[in-house]
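One file, protein-v4.pdb, carrying PDB, C-alpha atoms:
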```pdb
ATOM      1  CA  ASN A1372     100.628 160.809 137.927  1.00  0.00           C
ATOM      2  CA  ASP A1373     101.800 164.071 139.485  1.00  0.00           C
ATOM      3  CA  SER A1374     100.333 163.198 142.895  1.00  0.00           C
ATOM      4  CA  PHE A1375     101.838 159.699 142.759  1.00  0.00           C
ATOM      5  CA  ALA A1376     105.215 161.170 141.791  1.00  0.00           C
ATOM      6  CA  GLU A1377     105.075 163.596 144.732  1.00  0.00           C
ATOM      7  CA  MET A1378     104.234 160.721 147.077  1.00  0.00           C
ATOM      8  CA  ARG A1379     107.214 158.766 145.742  1.00  0.00           C
ATOM      9  CA  ARG A1380     109.495 161.808 146.097  1.00  0.00           C
ATOM     10  CA  GLY A1381     108.370 162.118 149.720  1.00  0.00           C
ATOM     11  CA  GLN A1382     109.085 158.450 150.389  1.00  0.00           C
ATOM     12  CA  ALA A1383     112.554 158.800 148.854  1.00  0.00           C
ATOM     13  CA  ARG A1384     113.325 161.964 150.847  1.00  0.00           C
ATOM     14  CA  GLU A1385     112.559 160.119 154.071  1.00  0.00           C
ATOM     15  CA  LEU A1386     115.398 157.703 153.285  1.00  0.00           C
ATOM     16  CA  VAL A1387     118.147 160.363 153.195  1.00  0.00           C
ATOM     17  CA  SER A1388     119.383 163.243 155.337  1.00  0.00           C
ATOM     18  CA  ASP A1389     122.009 164.693 152.986  1.00  0.00           C
ATOM     19  CA  THR A1390     120.637 167.998 151.653  1.00  0.00           C
ATOM     20  CA  ALA A1391     122.341 167.514 148.269  1.00  0.00           C
ATOM     21  CA  LEU A1392     120.580 164.175 147.786  1.00  0.00           C
ATOM     22  CA  VAL A1393     117.257 165.637 148.903  1.00  0.00           C
ATOM     23  CA  ASP A1394     117.691 168.398 146.314  1.00  0.00           C
ATOM     24  CA  ARG A1395     118.368 165.802 143.589  1.00  0.00           C
ATOM     25  CA  ILE A1396     115.211 163.931 144.515  1.00  0.00           C
ATOM     26  CA  VAL A1397     113.115 167.111 144.578  1.00  0.00           C
ATOM     27  CA  HIS A1398     114.334 168.185 141.125  1.00  0.00           C
ATOM     28  CA  ALA A1399     114.358 164.758 139.464  1.00  0.00           C
ATOM     29  CA  PRO A1400     112.180 164.608 136.323  1.00  0.00           C
ATOM     30  CA  THR A1401     108.689 163.288 137.057  1.00  0.00           C
ATOM     31  CA  THR A1402     108.949 160.561 134.422  1.00  0.00           C
ATOM     32  CA  TYR A1403     112.153 159.347 136.080  1.00  0.00           C
ATOM     33  CA  VAL A1404     110.630 159.354 139.568  1.00  0.00           C
ATOM     34  CA  LEU A1405     107.672 157.329 138.322  1.00  0.00           C
ATOM     35  CA  ALA A1406     110.017 154.731 136.806  1.00  0.00           C
ATOM     36  CA  HIS A1407     111.792 153.855 140.076  1.00  0.00           C
ATOM     37  CA  GLU A1408     110.903 152.696 143.561  1.00  0.00           C
ATOM     38  CA  PRO A1409     111.996 155.141 146.324  1.00  0.00           C
ATOM     39  CA  ASP A1410     114.942 152.994 147.511  1.00  0.00           C
ATOM     40  CA  VAL A1411     116.244 152.609 143.948  1.00  0.00           C
ATOM     41  CA  LEU A1412     115.826 156.336 143.337  1.00  0.00           C
ATOM     42  CA  VAL A1413     117.921 157.108 146.427  1.00  0.00           C
ATOM     43  CA  GLU A1414     120.586 154.583 145.403  1.00  0.00           C
ATOM     44  CA  GLN A1415     120.864 156.195 141.998  1.00  0.00           C
ATOM     45  CA  VAL A1416     121.009 159.828 143.106  1.00  0.00           C
ATOM     46  CA  ARG A1417     123.885 158.848 145.395  1.00  0.00           C
ATOM     47  CA  LEU A1418     125.870 158.217 142.198  1.00  0.00           C
ATOM     48  CA  ILE A1419     125.463 161.859 141.187  1.00  0.00           C
ATOM     49  CA  GLU A1420     126.921 163.662 144.187  1.00  0.00           C
ATOM     50  CA  PRO A1421     129.212 165.430 143.884  1.00  0.00           C
ATOM     51  CA  ALA A1422     128.146 166.394 140.367  1.00  0.00           C
ATOM     52  CA  PRO A1423     130.612 165.327 137.634  1.00  0.00           C
ATOM     53  CA  ASN A1424     132.843 167.932 136.028  1.00  0.00           C
ATOM     54  CA  GLY A1425     133.739 168.357 132.371  1.00  0.00           C
ATOM     55  CA  ARG A1426     133.991 165.019 130.576  1.00  0.00           C
ATOM     56  CA  ASP A1427     134.067 162.931 133.744  1.00  0.00           C
ATOM     57  CA  VAL A1428     131.941 159.791 133.278  1.00  0.00           C
ATOM     58  CA  ARG A1429     130.972 157.522 136.173  1.00  0.00           C
ATOM     59  CA  VAL A1430     129.825 154.005 135.391  1.00  0.00           C
ATOM     60  CA  SER A1431     128.211 151.650 137.888  1.00  0.00           C
ATOM     61  CA  VAL A1432     127.397 148.011 137.058  1.00  0.00           C
ATOM     62  CA  ALA A1433     125.288 145.640 139.161  1.00  0.00           C
ATOM     63  CA  ASN A1434     124.039 142.113 138.514  1.00  0.00           C
ATOM     64  CA  GLY A1435     120.540 141.817 137.065  1.00  0.00           C
ATOM     65  CA  ALA A1436     117.826 139.196 137.378  1.00  0.00           C
ATOM     66  CA  ALA A1437     119.605 136.681 135.106  1.00  0.00           C
ATOM     67  CA  THR A1438     123.231 135.543 134.879  1.00  0.00           C
ATOM     68  CA  ASP A1439     123.775 137.474 131.629  1.00  0.00           C
ATOM     69  CA  GLN A1440     121.785 140.565 132.647  1.00  0.00           C
ATOM     70  CA  PHE A1441     123.291 143.703 134.173  1.00  0.00           C
ATOM     71  CA  PHE A1442     122.066 147.038 135.479  1.00  0.00           C
ATOM     72  CA  VAL A1443     124.310 149.816 134.153  1.00  0.00           C
ATOM     73  CA  SER A1444     124.133 153.418 135.371  1.00  0.00           C
ATOM     74  CA  VAL A1445     126.052 156.263 133.725  1.00  0.00           C
ATOM     75  CA  VAL A1446     126.508 159.709 135.269  1.00  0.00           C
ATOM     76  CA  CYS A1447     128.002 162.603 133.300  1.00  0.00           C
ATOM     77  CA  ARG A1448     127.350 166.106 132.007  1.00  0.00           C
ATOM     78  CA  ASN A1449     124.801 166.522 129.260  1.00  0.00           C
ATOM     79  CA  GLN A1450     125.862 167.090 125.656  1.00  0.00           C
ATOM     80  CA  LYS A1451     124.250 166.864 122.232  1.00  0.00           C
ATOM     81  CA  GLY A1452     123.960 163.297 121.034  1.00  0.00           C
ATOM     82  CA  LEU A1453     124.785 161.856 124.469  1.00  0.00           C
ATOM     83  CA  LEU A1454     122.206 159.061 124.367  1.00  0.00           C
ATOM     84  CA  SER A1455     123.417 158.019 120.923  1.00  0.00           C
ATOM     85  CA  ARG A1456     127.005 157.957 122.179  1.00  0.00           C
ATOM     86  CA  LEU A1457     126.136 155.814 125.206  1.00  0.00           C
ATOM     87  CA  THR A1458     123.944 153.337 123.339  1.00  0.00           C
ATOM     88  CA  ALA A1459     126.576 153.022 120.598  1.00  0.00           C
ATOM     89  CA  ALA A1460     129.186 152.149 123.231  1.00  0.00           C
ATOM     90  CA  ILE A1461     126.859 149.498 124.649  1.00  0.00           C
ATOM     91  CA  ALA A1462     126.223 147.994 121.204  1.00  0.00           C
ATOM     92  CA  ASP A1463     129.918 148.081 120.252  1.00  0.00           C
ATOM     93  CA  SER A1464     130.710 146.160 123.455  1.00  0.00           C
ATOM     94  CA  GLY A1465     128.342 143.375 122.373  1.00  0.00           C
ATOM     95  CA  PHE A1466     125.498 144.125 124.770  1.00  0.00           C
ATOM     96  CA  SER A1467     121.804 144.492 123.963  1.00  0.00           C
ATOM     97  CA  VAL A1468     119.649 147.062 125.783  1.00  0.00           C
ATOM     98  CA  VAL A1469     116.543 145.514 127.361  1.00  0.00           C
ATOM     99  CA  SER A1470     115.286 148.688 129.061  1.00  0.00           C
ATOM    100  CA  ALA A1471     116.454 152.242 129.662  1.00  0.00           C
ATOM    101  CA  SER A1472     115.596 155.171 131.887  1.00  0.00           C
ATOM    102  CA  LEU A1473     116.944 158.692 131.440  1.00  0.00           C
ATOM    103  CA  ALA A1474     117.062 161.759 133.660  1.00  0.00           C
ATOM    104  CA  THR A1475     118.561 165.234 133.244  1.00  0.00           C
ATOM    105  CA  TRP A1476     118.731 167.750 136.102  1.00  0.00           C
ATOM    106  CA  PRO A1477     118.612 171.567 135.795  1.00  0.00           C
ATOM    107  CA  ASP A1478     122.411 171.757 136.274  1.00  0.00           C
ATOM    108  CA  ASP A1479     122.870 169.515 133.178  1.00  0.00           C
ATOM    109  CA  THR A1480     123.835 166.452 135.198  1.00  0.00           C
ATOM    110  CA  VAL A1481     122.610 163.290 133.492  1.00  0.00           C
ATOM    111  CA  LEU A1482     121.874 159.873 134.942  1.00  0.00           C
ATOM    112  CA  ASP A1483     121.101 157.243 132.311  1.00  0.00           C
ATOM    113  CA  SER A1484     120.296 153.721 133.456  1.00  0.00           C
ATOM    114  CA  PHE A1485     120.211 150.632 131.265  1.00  0.00           C
ATOM    115  CA  VAL A1486     119.347 146.978 131.752  1.00  0.00           C
ATOM    116  CA  VAL A1487     121.621 145.157 129.315  1.00  0.00           C
ATOM    117  CA  VAL A1488     122.207 141.552 128.306  1.00  0.00           C
ATOM    118  CA  GLY A1489     125.606 140.202 127.312  1.00  0.00           C
ATOM    119  CA  ASN A1490     128.762 138.343 128.292  1.00  0.00           C
ATOM    120  CA  SER A1491     130.089 139.194 131.770  1.00  0.00           C
ATOM    121  CA  ALA A1492     133.636 138.847 130.413  1.00  0.00           C
ATOM    122  CA  ALA A1493     133.023 141.990 128.351  1.00  0.00           C
ATOM    123  CA  LEU A1494     131.963 144.190 131.285  1.00  0.00           C
ATOM    124  CA  ASP A1495     135.364 145.847 131.696  1.00  0.00           C
ATOM    125  CA  ASN A1496     135.346 146.735 128.010  1.00  0.00           C
ATOM    126  CA  LEU A1497     131.795 148.069 128.361  1.00  0.00           C
ATOM    127  CA  LYS A1498     132.836 150.372 131.201  1.00  0.00           C
ATOM    128  CA  SER A1499     135.830 151.588 129.221  1.00  0.00           C
ATOM    129  CA  GLN A1500     133.774 152.231 126.090  1.00  0.00           C
ATOM    130  CA  LEU A1501     131.152 154.171 128.055  1.00  0.00           C
ATOM    131  CA  GLN A1502     133.806 156.346 129.675  1.00  0.00           C
ATOM    132  CA  LYS A1503     135.359 157.101 126.272  1.00  0.00           C
ATOM    133  CA  SER A1504     132.036 157.661 124.523  1.00  0.00           C
ATOM    134  CA  VAL A1505     131.688 161.358 125.423  1.00  0.00           C
ATOM    135  CA  ARG A1506     134.941 162.185 123.614  1.00  0.00           C
ATOM    136  CA  GLY A1507     135.551 162.467 119.913  1.00  0.00           C
ATOM    137  CA  ARG A1508     133.207 162.928 117.015  1.00  0.00           C
ATOM    138  CA  LEU A1509     129.742 161.382 116.969  1.00  0.00           C
ATOM    139  CA  ARG A1510     129.491 159.001 114.011  1.00  0.00           C
ATOM    140  CA  PRO A1511     126.366 157.850 112.161  1.00  0.00           C
ATOM    141  CA  ARG A1512     124.967 154.509 113.273  1.00  0.00           C
ATOM    142  CA  ARG A1513     123.774 152.324 110.422  1.00  0.00           C
ATOM    143  CA  LEU A1514     121.844 149.077 110.777  1.00  0.00           C
ATOM    144  CA  PRO A1515     121.084 146.207 108.372  1.00  0.00           C
ATOM    145  CA  GLY A1516     117.468 145.239 107.779  1.00  0.00           C
ATOM    146  CA  THR A1517     114.220 147.110 107.391  1.00  0.00           C
ATOM    147  CA  PRO A1518     113.620 150.197 109.551  1.00  0.00           C
ATOM    148  CA  PRO A1519     111.391 149.931 112.629  1.00  0.00           C
ATOM    149  CA  ARG A1520     107.871 151.314 112.485  1.00  0.00           C
ATOM    150  CA  ILE A1521     107.780 154.933 113.688  1.00  0.00           C
ATOM    151  CA  GLU A1522     104.625 156.457 115.197  1.00  0.00           C
ATOM    152  CA  ILE A1523     104.287 160.045 116.419  1.00  0.00           C
ATOM    153  CA  ASP A1524     101.629 161.297 118.853  1.00  0.00           C
ATOM    154  CA  ASN A1525     101.153 164.850 120.128  1.00  0.00           C
ATOM    155  CA  THR A1526      98.097 164.064 122.300  1.00  0.00           C
ATOM    156  CA  LEU A1527      99.569 161.810 125.003  1.00  0.00           C
ATOM    157  CA  HIS A1528     101.799 164.338 126.794  1.00  0.00           C
ATOM    158  CA  PRO A1529     101.003 167.946 127.749  1.00  0.00           C
ATOM    159  CA  TRP A1530     104.355 169.410 126.674  1.00  0.00           C
ATOM    160  CA  HIS A1531     106.252 166.915 124.521  1.00  0.00           C
ATOM    161  CA  THR A1532     105.737 164.610 121.561  1.00  0.00           C
ATOM    162  CA  ILE A1533     105.703 160.844 122.085  1.00  0.00           C
ATOM    163  CA  MET A1534     107.484 158.723 119.479  1.00  0.00           C
ATOM    164  CA  ARG A1535     107.117 154.943 119.384  1.00  0.00           C
ATOM    165  CA  ALA A1536     109.467 152.655 117.490  1.00  0.00           C
ATOM    166  CA  SER A1537     108.524 148.998 117.097  1.00  0.00           C
ATOM    167  CA  GLY A1538     109.881 146.015 115.219  1.00  0.00           C
ATOM    168  CA  PRO A1539     112.425 143.169 115.425  1.00  0.00           C
ATOM    169  CA  ASP A1540     115.168 143.705 117.990  1.00  0.00           C
ATOM    170  CA  ARG A1541     118.802 143.977 116.861  1.00  0.00           C
ATOM    171  CA  ILE A1542     121.984 144.979 118.652  1.00  0.00           C
ATOM    172  CA  GLY A1543     122.565 148.619 117.761  1.00  0.00           C
ATOM    173  CA  LEU A1544     118.907 149.460 117.099  1.00  0.00           C
ATOM    174  CA  LEU A1545     118.680 151.932 119.981  1.00  0.00           C
ATOM    175  CA  ALA A1546     121.975 153.534 118.943  1.00  0.00           C
ATOM    176  CA  MET A1547     120.646 154.003 115.415  1.00  0.00           C
ATOM    177  CA  LEU A1548     117.334 155.469 116.610  1.00  0.00           C
ATOM    178  CA  THR A1549     118.976 157.936 118.965  1.00  0.00           C
ATOM    179  CA  TYR A1550     121.479 158.983 116.310  1.00  0.00           C
ATOM    180  CA  ALA A1551     118.592 159.661 113.909  1.00  0.00           C
ATOM    181  CA  LEU A1552     116.895 161.852 116.532  1.00  0.00           C
ATOM    182  CA  HIS A1553     120.129 163.725 117.152  1.00  0.00           C
ATOM    183  CA  ASP A1554     120.649 164.150 113.407  1.00  0.00           C
ATOM    184  CA  VAL A1555     117.348 166.026 112.994  1.00  0.00           C
ATOM    185  CA  ASP A1556     117.983 168.118 116.135  1.00  0.00           C
ATOM    186  CA  VAL A1557     115.358 166.418 118.299  1.00  0.00           C
ATOM    187  CA  VAL A1558     115.813 166.383 122.089  1.00  0.00           C
ATOM    188  CA  VAL A1559     115.082 163.172 124.021  1.00  0.00           C
ATOM    189  CA  HIS A1560     113.656 163.911 127.477  1.00  0.00           C
ATOM    190  CA  HIS A1561     112.801 160.359 128.487  1.00  0.00           C
ATOM    191  CA  ALA A1562     112.898 156.913 126.946  1.00  0.00           C
ATOM    192  CA  SER A1563     111.152 153.673 127.816  1.00  0.00           C
ATOM    193  CA  VAL A1564     112.820 150.739 126.090  1.00  0.00           C
ATOM    194  CA  ASP A1565     111.051 147.392 126.215  1.00  0.00           C
ATOM    195  CA  THR A1566     112.135 144.151 124.566  1.00  0.00           C
ATOM    196  CA  ALA A1567     110.121 140.946 124.558  1.00  0.00           C
ATOM    197  CA  ALA A1568     110.138 137.820 122.367  1.00  0.00           C
ATOM    198  CA  GLY A1569     112.678 139.328 119.997  1.00  0.00           C
ATOM    199  CA  ASN A1570     110.713 142.513 119.370  1.00  0.00           C
ATOM    200  CA  VAL A1571     111.085 146.051 120.668  1.00  0.00           C
ATOM    201  CA  ASP A1572     108.456 148.605 121.583  1.00  0.00           C
ATOM    202  CA  ASP A1573     110.384 151.739 122.456  1.00  0.00           C
ATOM    203  CA  SER A1574     108.787 155.004 123.533  1.00  0.00           C
ATOM    204  CA  PHE A1575     110.575 158.370 123.457  1.00  0.00           C
ATOM    205  CA  GLU A1576     109.412 161.638 124.989  1.00  0.00           C
ATOM    206  CA  ILE A1577     110.851 164.203 122.590  1.00  0.00           C
ATOM    207  CA  SER A1578     110.727 167.861 121.568  1.00  0.00           C
ATOM    208  CA  ASP A1579     112.387 170.263 119.182  1.00  0.00           C
ATOM    209  CA  ALA A1580     115.502 172.163 120.290  1.00  0.00           C
ATOM    210  CA  ASN A1581     113.288 174.811 121.923  1.00  0.00           C
ATOM    211  CA  GLY A1582     111.332 172.310 124.006  1.00  0.00           C
ATOM    212  CA  ARG A1583     108.188 172.430 121.862  1.00  0.00           C
ATOM    213  CA  LYS A1584     106.119 169.599 120.403  1.00  0.00           C
ATOM    214  CA  LEU A1585     107.093 168.509 116.918  1.00  0.00           C
ATOM    215  CA  THR A1586     105.252 169.607 113.812  1.00  0.00           C
ATOM    216  CA  ASP A1587     104.014 167.104 111.207  1.00  0.00           C
ATOM    217  CA  SER A1588     106.938 167.977 108.956  1.00  0.00           C
ATOM    218  CA  ALA A1589     109.440 167.352 111.758  1.00  0.00           C
ATOM    219  CA  ALA A1590     107.799 164.006 112.496  1.00  0.00           C
ATOM    220  CA  ALA A1591     108.142 163.007 108.844  1.00  0.00           C
ATOM    221  CA  GLU A1592     111.795 164.071 108.986  1.00  0.00           C
ATOM    222  CA  ILE A1593     112.411 161.623 111.850  1.00  0.00           C
ATOM    223  CA  ALA A1594     110.932 158.720 109.900  1.00  0.00           C
ATOM    224  CA  GLY A1595     113.077 159.670 106.919  1.00  0.00           C
ATOM    225  CA  ALA A1596     116.238 159.880 109.040  1.00  0.00           C
ATOM    226  CA  VAL A1597     115.561 156.427 110.521  1.00  0.00           C
ATOM    227  CA  ALA A1598     114.916 154.893 107.103  1.00  0.00           C
ATOM    228  CA  ALA A1599     118.104 156.463 105.726  1.00  0.00           C
ATOM    229  CA  LEU A1600     120.184 154.721 108.401  1.00  0.00           C
ATOM    230  CA  CYS A1601     118.799 151.250 107.619  1.00  0.00           C
ATOM    231  CA  ASP A1602     120.080 148.998 104.854  1.00  0.00           C
ATOM    232  CA  PRO A1603     117.357 146.558 103.734  1.00  0.00           C
ATOM    233  CA  ALA A1604     118.709 143.146 102.777  1.00  0.00           C
TER     234      ALA A1604
END
```

For this file, write the structure as structure tokens.
Amino acid sequence: NDSFAEMRRGQARELVSDTALVDRIVHAPTTYVLAHEPDVLVEQVRLIEPAPNGRDVRVSVANGAATDQFFVSVVCRNQKGLLSRLTAAIADSGFSVVSASLATWPDDTVLDSFVVVGNSAALDNLKSQLQKSVRGRLRPRRLPGTPPRIEIDNTLHPWHTIMRASGPDRIGLLAMLTYALHDVDVVVHHASVDTAAGNVDDSFEISDANGRKLTDSAAAEIAGAVAALCDPA
């Protein structure tokens, strides 16, 4: 994977001459580089420069593969609970997340990309909600129905824990999951969100606040936090 990522970085660097963009490509997280073709990677890092200041939030929306599908990119500064804030804004705007890709640079600039499905008439509201999401207090996200299945694995990644969440898809599920992770002080380094036939199979690369793999007790705490945010019928 590392050699393939370096090859992809090289291909992306050949597409730009701006030194700031080259630096973004060089320092992009490996998991993020692997998730995008070189031309897409270049297009996305262009959204970052110059780096956002304070609570500035940049939102870019492009048409997806279907008439009700959209590719949404959000650039801002990192903060605790950011992914929960963004996914809550998406859910509150009536959109469902089909896939997601996350990247954080050493200067705390964040680029989160989502493929979402929803009504095009609500896109302006979606942009507005995303821009407002970094302000104010982060609120718990509750969800009706049984909690998704949570699996924790410390063998798949050399530095971080991998958490998988699977079960029936619902609008707001990702917002609830990311709030639960925030609530137990878990850091999300990367997320792969996949939805098919009404079911989700989401994978999160996570660590404790110090960047270490989670202990068994911390893993149990995550499952408990997720269950506590679900209201079985």

Find the residues near A:Asp1554: any atom within 12 Å, counting all atoms listed in the file, skip ones fewer than 5 places away on the same chain, and give them as a PyMOL selection string.
chain A and resi 1451-1452+1455+1509-1512+1547-1549+1579-1580+1589+1592-1597+1599-1600

Keeping only C-alpha atoms, write the selected residues as an mmCIF file, in the coordinates of the input.
```
data_model
loop_
_atom_site.group_PDB
_atom_site.id
_atom_site.type_symbol
_atom_site.label_atom_id
_atom_site.label_comp_id
_atom_site.auth_asym_id
_atom_site.auth_seq_id
_atom_site.Cartn_x
_atom_site.Cartn_y
_atom_site.Cartn_z
ATOM 1 C CA LYS A 1451 124.250 166.864 122.232
ATOM 2 C CA GLY A 1452 123.960 163.297 121.034
ATOM 3 C CA SER A 1455 123.417 158.019 120.923
ATOM 4 C CA LEU A 1509 129.742 161.382 116.969
ATOM 5 C CA ARG A 1510 129.491 159.001 114.011
ATOM 6 C CA PRO A 1511 126.366 157.850 112.161
ATOM 7 C CA ARG A 1512 124.967 154.509 113.273
ATOM 8 C CA MET A 1547 120.646 154.003 115.415
ATOM 9 C CA LEU A 1548 117.334 155.469 116.610
ATOM 10 C CA THR A 1549 118.976 157.936 118.965
ATOM 11 C CA ASP A 1579 112.387 170.263 119.182
ATOM 12 C CA ALA A 1580 115.502 172.163 120.290
ATOM 13 C CA ALA A 1589 109.440 167.352 111.758
ATOM 14 C CA GLU A 1592 111.795 164.071 108.986
ATOM 15 C CA ILE A 1593 112.411 161.623 111.850
ATOM 16 C CA ALA A 1594 110.932 158.720 109.900
ATOM 17 C CA GLY A 1595 113.077 159.670 106.919
ATOM 18 C CA ALA A 1596 116.238 159.880 109.040
ATOM 19 C CA VAL A 1597 115.561 156.427 110.521
ATOM 20 C CA ALA A 1599 118.104 156.463 105.726
ATOM 21 C CA LEU A 1600 120.184 154.721 108.401
#
```

What would the selection look like, as a PyMOL selection string, if the PyMOL selection byres ((chain A and resi 1523) around 6) were run on the coordinates I just shared?
chain A and resi 1522+1524+1533-1534

Atoms to include: C-alpha atoms. Write the selected residues as an mmCIF file, in the frame of the given file.
```cif
data_model
loop_
_atom_site.group_PDB
_atom_site.id
_atom_site.type_symbol
_atom_site.label_atom_id
_atom_site.label_comp_id
_atom_site.auth_asym_id
_atom_site.auth_seq_id
_atom_site.Cartn_x
_atom_site.Cartn_y
_atom_site.Cartn_z
ATOM 1 C CA GLU A 1522 104.625 156.457 115.197
ATOM 2 C CA ASP A 1524 101.629 161.297 118.853
ATOM 3 C CA ILE A 1533 105.703 160.844 122.085
ATOM 4 C CA MET A 1534 107.484 158.723 119.479
#
```

Answer key for the PyMOL selection byres ((chain A and resi 1419) around 9), residues as a PyMOL selection string
chain A and resi 1392+1395+1415-1418+1420-1423+1429+1446-1447+1480-1482

Listing only residues of stretch 1438-1505 of chain A within 7 Å of stretch 1397-1404 of chain A, what is the closest atom pair and its distance in Å (to one decimal) for each, using all atoms listed in the file, sorted by chain and residue number ascending, as a tab-separated table?
```
residue	atom	partner	partner_atom	distance
A:Ser1472	CA	A:Tyr1403	CA	6.8
A:Leu1473	CA	A:Tyr1403	CA	6.7
A:Ala1474	CA	A:Tyr1403	CA	6.0
A:Trp1476	CA	A:Ala1399	CA	6.3
```

How would you write as a PyMOL selection string the residues that get within 9 Å of (123.6, 151.5, 138.3) in the file's frame, counting all atoms listed in the file?
chain A and resi 1414-1415+1418+1430-1433+1441-1445+1483-1485
